[in-house]
There are 2 protein chains.
Amino acid sequence: MRAKPIRPPRGFRFAGVACGLKKNGGPDLAVVVSDAPCAAAALFTRNAFPAAPVLYDRALLAENPGGIRAVAINAGIANACTGEAGLAAAAAMARGVEAALSLPPRTAAVMSTGVIGPQLDVARVAHGAAAAAAGLDPTGWEGAARAIMTTDTRPKTAFRQAGPARLFGMAKGAGMIHPDMATMLTLIVTDAEAEPRQLDRLVRAAVDASFNCISVDGDTSTNDTVMALANGRAGPVAEPELAAALLDLCTDLAQQIVRDGEGATKFITVEVRGARSDADARCAAKAVANSPLVKTAFYGGDANWGRILAAVGYSGAAVDPALASLRIAPGASAAGGLQLVGRGQPLPYDEAAATAIFADDDIAVLVELGLGEDAATVWTCDLSHDYVDINGHYRT
Amino acid sequence: MRAKPIRPPRGFRFAGVACGLKKNGGPDLAVVVSDAPCAAAALFTRNAFPAAPVLYDRALLAENPGGIRAVAINAGIANACTGEAGLAAAAAMARGVEAALSLPPRTAAVMSTGVIGPQLDVARVAHGAAAAAAGLDPTGWEGAARAIMTTDTRPKTAFRQAGPARLFGMAKGAGMIHPDMATMLTLIVTDAEAEPRQLDRLVRAAVDASFNCISVDGDTSTNDTVMALANGRAGPVAEPELAAALLDLCTDLAQQIVRDGEGATKFITVEVRGARSDADARCAAKAVANSPLVKTAFYGGDANWGRILAAVGYSGAAVDPALASLRIAPGASAAGGLQLVGRGQPLPYDEAAATAIFADDDIAVLVELGLGEDAATVWTCDLSHDYVDINGHYRT
């Protein structure tokens, strides 16, 4: 997916610096700035406790959707569940970035990720913003992507081309066992020309078919944000071409997040076909993808396939046990793979073959419900010892 | 809770034997028989793939709710997702038990727990039933409770008295991280006199306030069953007294299941108050109790309390961030405990005190939503390395 040449969109500069929010002293503040005002669109968490930066950005983009110039993202402190002091801190962070970059007021958006609860040290962020301003560079995207990492083991970036326009995206997020609670932040910048409303429509469609396929709808963290900025430097682009590039870029980033899931050792593709509705297909696939019993079986390489059907059975999707079938295979699709259940009846199969599939790094599951025409695919990872380690001592 | 004298209900005999279903050769078949026909009531899984014994019992109790004489429960094989062969096996298991005990047809119920998918070896069960018949004893309850264990580390039993009547209950179930997929079986026998309809009503009420507080409604395994038998040998009992004893017994067994949760090192009580509705209170409490991030934080003894509010925030319950409060404490209730959040504002607190609470074996969490009068309590356990070990290699 990364074979294409790395050509950042025109008119954007990037920096990543350490400002002292992370206990380990690593880079924890990314700044991205555009030479020209950008059309901006964003999707935010639906958690009932949205973080302060989410509240700030939501108001900012409603007020100035065509004039955003910069985004600052800090890691280490989520600035969530921080009350009124947290709201003031998010606003102060934005003002500090605007000041450091000599930008007009209300042109910088902010995002935060890290521990929920503690207050953000605004002085450190302002200090860091000044340092970042001095180091901004059109090729500084990797440093920016590194500065937003928390439990991520590697930066997540992707580039695409759409006609004359270039797109760059960076993402963070590794707590994908329950994506609902581990912050997922994504920033996409492009030099394509786009109206805010058009950009909003294109981003929503791309996110729905990419990030929402690794996350349970509505079950998002306090901070989850996907934001896109378009500065128009490359001129207009045919909409289908831009839409395809956006979807491709988002899918790339979403799969990178799953592959770097906390403690993940396997990449699992869960496909449900023959559902009575699109919602049924999604909820059945997500029930399988979110089941700790299924995930630990994948981790252990134990072909305990009954857990897959049991998860479909409690998902809430319409199911007729007499019609359901199940296949597994190594790789990205189980179509034509090893069949374990056919129209409700367990089939004789080669246990060694099943075990070999479960031992693979990439595993595909296909559940055929036989009730309709709707289908869905969800990507997930396994549940390992490292996940327990990482989350048992995240703050320490 | 177990200080009362152990006096099994009159007219019941128990046995537990090994019949070769468990790979380790341990006891795997329990038989409980009543000298007189029993009123029977049961609650079954709502999973869309109900196991064969669930389908068998559902039909049996509809046909003969006042004439049940015996229950046989096997461990090792769940007889779920086994198609038509599985249905035939469940019926054959019941016939084998009736034959071994010289009972009329359609008087024995069956339950199964274990691996989903494989077929039940009916010949082994019939052989085991004959052995059990020879060993039935009024004091054999502990052997029976041991024979239904899977990943349980200890048998779960409880005794209560209701006026002249005695109650005995035994349960199995240890996969309580997601109780939805790990089979929970409970058999309650009493010598109280009860009509099937009355027993059904009383059992439903008791289960709703006990087992359903450790399990997500509707998210039950393929095999979950709670069954009660009343043989009337002690004569009539005042209904409030019987109801109270049933609830107390079920709560005892439900909490035993959580304490023996797979890999559990801590017992956690999650209480939500001030919810707009009973359903809201339950779903908020369950979101906290089921969050892997909250559970791993408890395991690690890390007072990462923001995860608790984040879980409430995505639960779907009505929430006003400006009204929510949070307390934690050691033990069974956090009322009056250490307050971390007050009406949406994080409060200064002693980090050492919070860490000490999270390090306790029994931890209570209290979320006050400030929106209404409804409350709910859910019991859960932490998520540990042992959970991953147990479930990564369950079949092996």
# chains A, B, ... in the order shown; residues from 1 in each chain; ligands from 1

call {"tool": "residues_around", "arguments": {"residues": "Val319 in chain A", "least_positions_apart": "6", "cutoff": "9 Å", "atoms": "only C-alpha atoms", "output": "ChimeraX atom specification"}}
result
/A:275-276,312-313,369-371 /B:48-49

call {"tool": "write_last_selection", "arguments": {"atoms": "C-alpha atoms", "output": "PDB file, in the first residue's frame"}}
result
ATOM      1  CA  ALA A 275     -27.415 -10.792   6.498  1.00  0.00           C
ATOM      2  CA  ARG A 276     -30.945  -9.466   6.507  1.00  0.00           C
ATOM      3  CA  VAL A 312     -22.873 -14.152  16.152  1.00  0.00           C
ATOM      4  CA  GLY A 313     -25.653 -15.717  18.184  1.00  0.00           C
ATOM      5  CA  LEU A 369     -26.117 -16.170   7.439  1.00  0.00           C
ATOM      6  CA  GLY A 370     -28.201 -17.170   4.408  1.00  0.00           C
ATOM      7  CA  LEU A 371     -30.943 -14.682   5.198  1.00  0.00           C
TER       8      LEU A 371
ATOM      9  CA  ALA B  48     -29.618 -17.321  18.655  1.00  0.00           C
ATOM     10  CA  PHE B  49     -27.655 -20.585  18.614  1.00  0.00           C
TER      11      PHE B  49
END

call {"tool": "closest_atom_pairs", "arguments": {"of": "chain B", "to": "chain A", "cutoff": "7 Å", "atoms": "only C-alpha atoms", "output": "tab-separated table"}}
result
residue	atom	partner	partner_atom	distance
B:Asn47	CA	A:Tyr314	CA	4.8
B:Ala48	CA	A:Gly313	CA	4.3
B:Phe49	CA	A:Gly313	CA	5.3
B:Cys81	CA	A:Gly306	CA	6.8
B:Thr82	CA	A:Pro346	CA	5.8
B:Gly83	CA	A:Gln345	CA	4.6
B:Ile116	CA	A:Gly306	CA	4.7
B:Gly117	CA	A:Gly306	CA	5.3
B:Met181	CA	A:Ala310	CA	6.7
B:Gly218	CA	A:Tyr314	CA	6.9
B:Asp219	CA	A:Tyr314	CA	5.1
B:Thr220	CA	A:Tyr314	CA	6.5
B:Ser221	CA	A:Ala310	CA	6.6
B:Thr222	CA	A:Ala310	CA	6.2
B:Leu293	CA	A:Asn391	CA	6.2
B:Thr296	CA	A:Gly392	CA	4.6
B:Ala297	CA	A:Gly392	CA	4.5
B:Tyr299	CA	A:Gly392	CA	6.0
B:Gly300	CA	A:Gly392	CA	4.0
B:Asp302	CA	A:His393	CA	6.0
B:Gly306	CA	A:Ile116	CA	4.7
B:Arg307	CA	A:Ile116	CA	6.9
B:Ala310	CA	A:Thr222	CA	6.2
B:Gly313	CA	A:Ala48	CA	4.3
B:Tyr314	CA	A:Asn47	CA	4.8
B:Val319	CA	A:Ala48	CA	6.2
B:Pro321	CA	A:Phe49	CA	5.8
B:Gly344	CA	A:Gly83	CA	5.8
B:Gln345	CA	A:Gly83	CA	4.6
B:Pro346	CA	A:Thr82	CA	5.8
B:Ser384	CA	A:Val388	CA	6.4
B:His385	CA	A:His385	CA	5.8
B:Val388	CA	A:Thr296	CA	5.9
B:Asn391	CA	A:Thr296	CA	5.6
B:Gly392	CA	A:Gly300	CA	4.0
B:His393	CA	A:Gly300	CA	5.7

call {"tool": "atom_distance", "arguments": {"atom1": "CA of Thr265 in chain A", "atom2": "CA of Met149 in chain A"}}
result
19.0 Å

call {"tool": "atom_distance", "arguments": {"atom1": "CA of Ala244 in chain A", "atom2": "CA of Arg259 in chain A"}}
result
22.4 Å

call {"tool": "select_by_dssp", "arguments": {"residues": "range 176-357 of chain B", "states": "helix (DSSP H, G or I)", "output": "PyMOL selection string"}}
result
chain B and resi 196-208+211-213+239-259+278-290+292-300+306-314+351-357

call {"tool": "closest_residue", "arguments": {"among": "B:Tyr349, B:Trp141, B:Phe211, B:Trp379", "to": "Pro155 in chain B", "atoms": "only C-alpha atoms"}}
result
B:Trp141

call {"tool": "residues_around", "arguments": {"residues": "Pro330 in chain A", "least_positions_apart": "2", "cutoff": "6 Å", "atoms": "only C-alpha atoms", "output": "JSON, numbers by chain"}}
result
{"A": [357, 362, 363, 364]}

call {"tool": "write_last_selection", "arguments": {"atoms": "N, CA and C atoms", "output": "CSV table (one decimal), in the first residue's frame"}}
result
chain,number,residue,atom,x,y,z
A,357,ILE,N,-4.4,-22.7,10.2
A,357,ILE,CA,-5.0,-21.5,9.9
A,357,ILE,C,-5.0,-20.5,11.1
A,362,ASP,N,-2.2,-13.7,9.7
A,362,ASP,CA,-3.4,-13.0,9.1
A,362,ASP,C,-4.4,-14.1,8.9
A,363,ILE,N,-5.6,-13.9,9.6
A,363,ILE,CA,-6.6,-14.9,9.6
A,363,ILE,C,-7.9,-14.2,9.1
A,364,ALA,N,-8.7,-15.0,8.2
A,364,ALA,CA,-10.0,-14.5,7.8
A,364,ALA,C,-11.1,-15.4,8.2

call {"tool": "residues_around", "arguments": {"residues": "range 26-43 of chain B", "least_positions_apart": "3", "cutoff": "6 Å", "atoms": "only C-alpha atoms", "output": "ChimeraX atom specification"}}
result
/B:11-18,65-75,144,147-148,196,200,225-231

call {"tool": "atom_distance", "arguments": {"atom1": "CA of Asp57 in chain A", "atom2": "CA of Ala145 in chain A"}}
result
19.9 Å
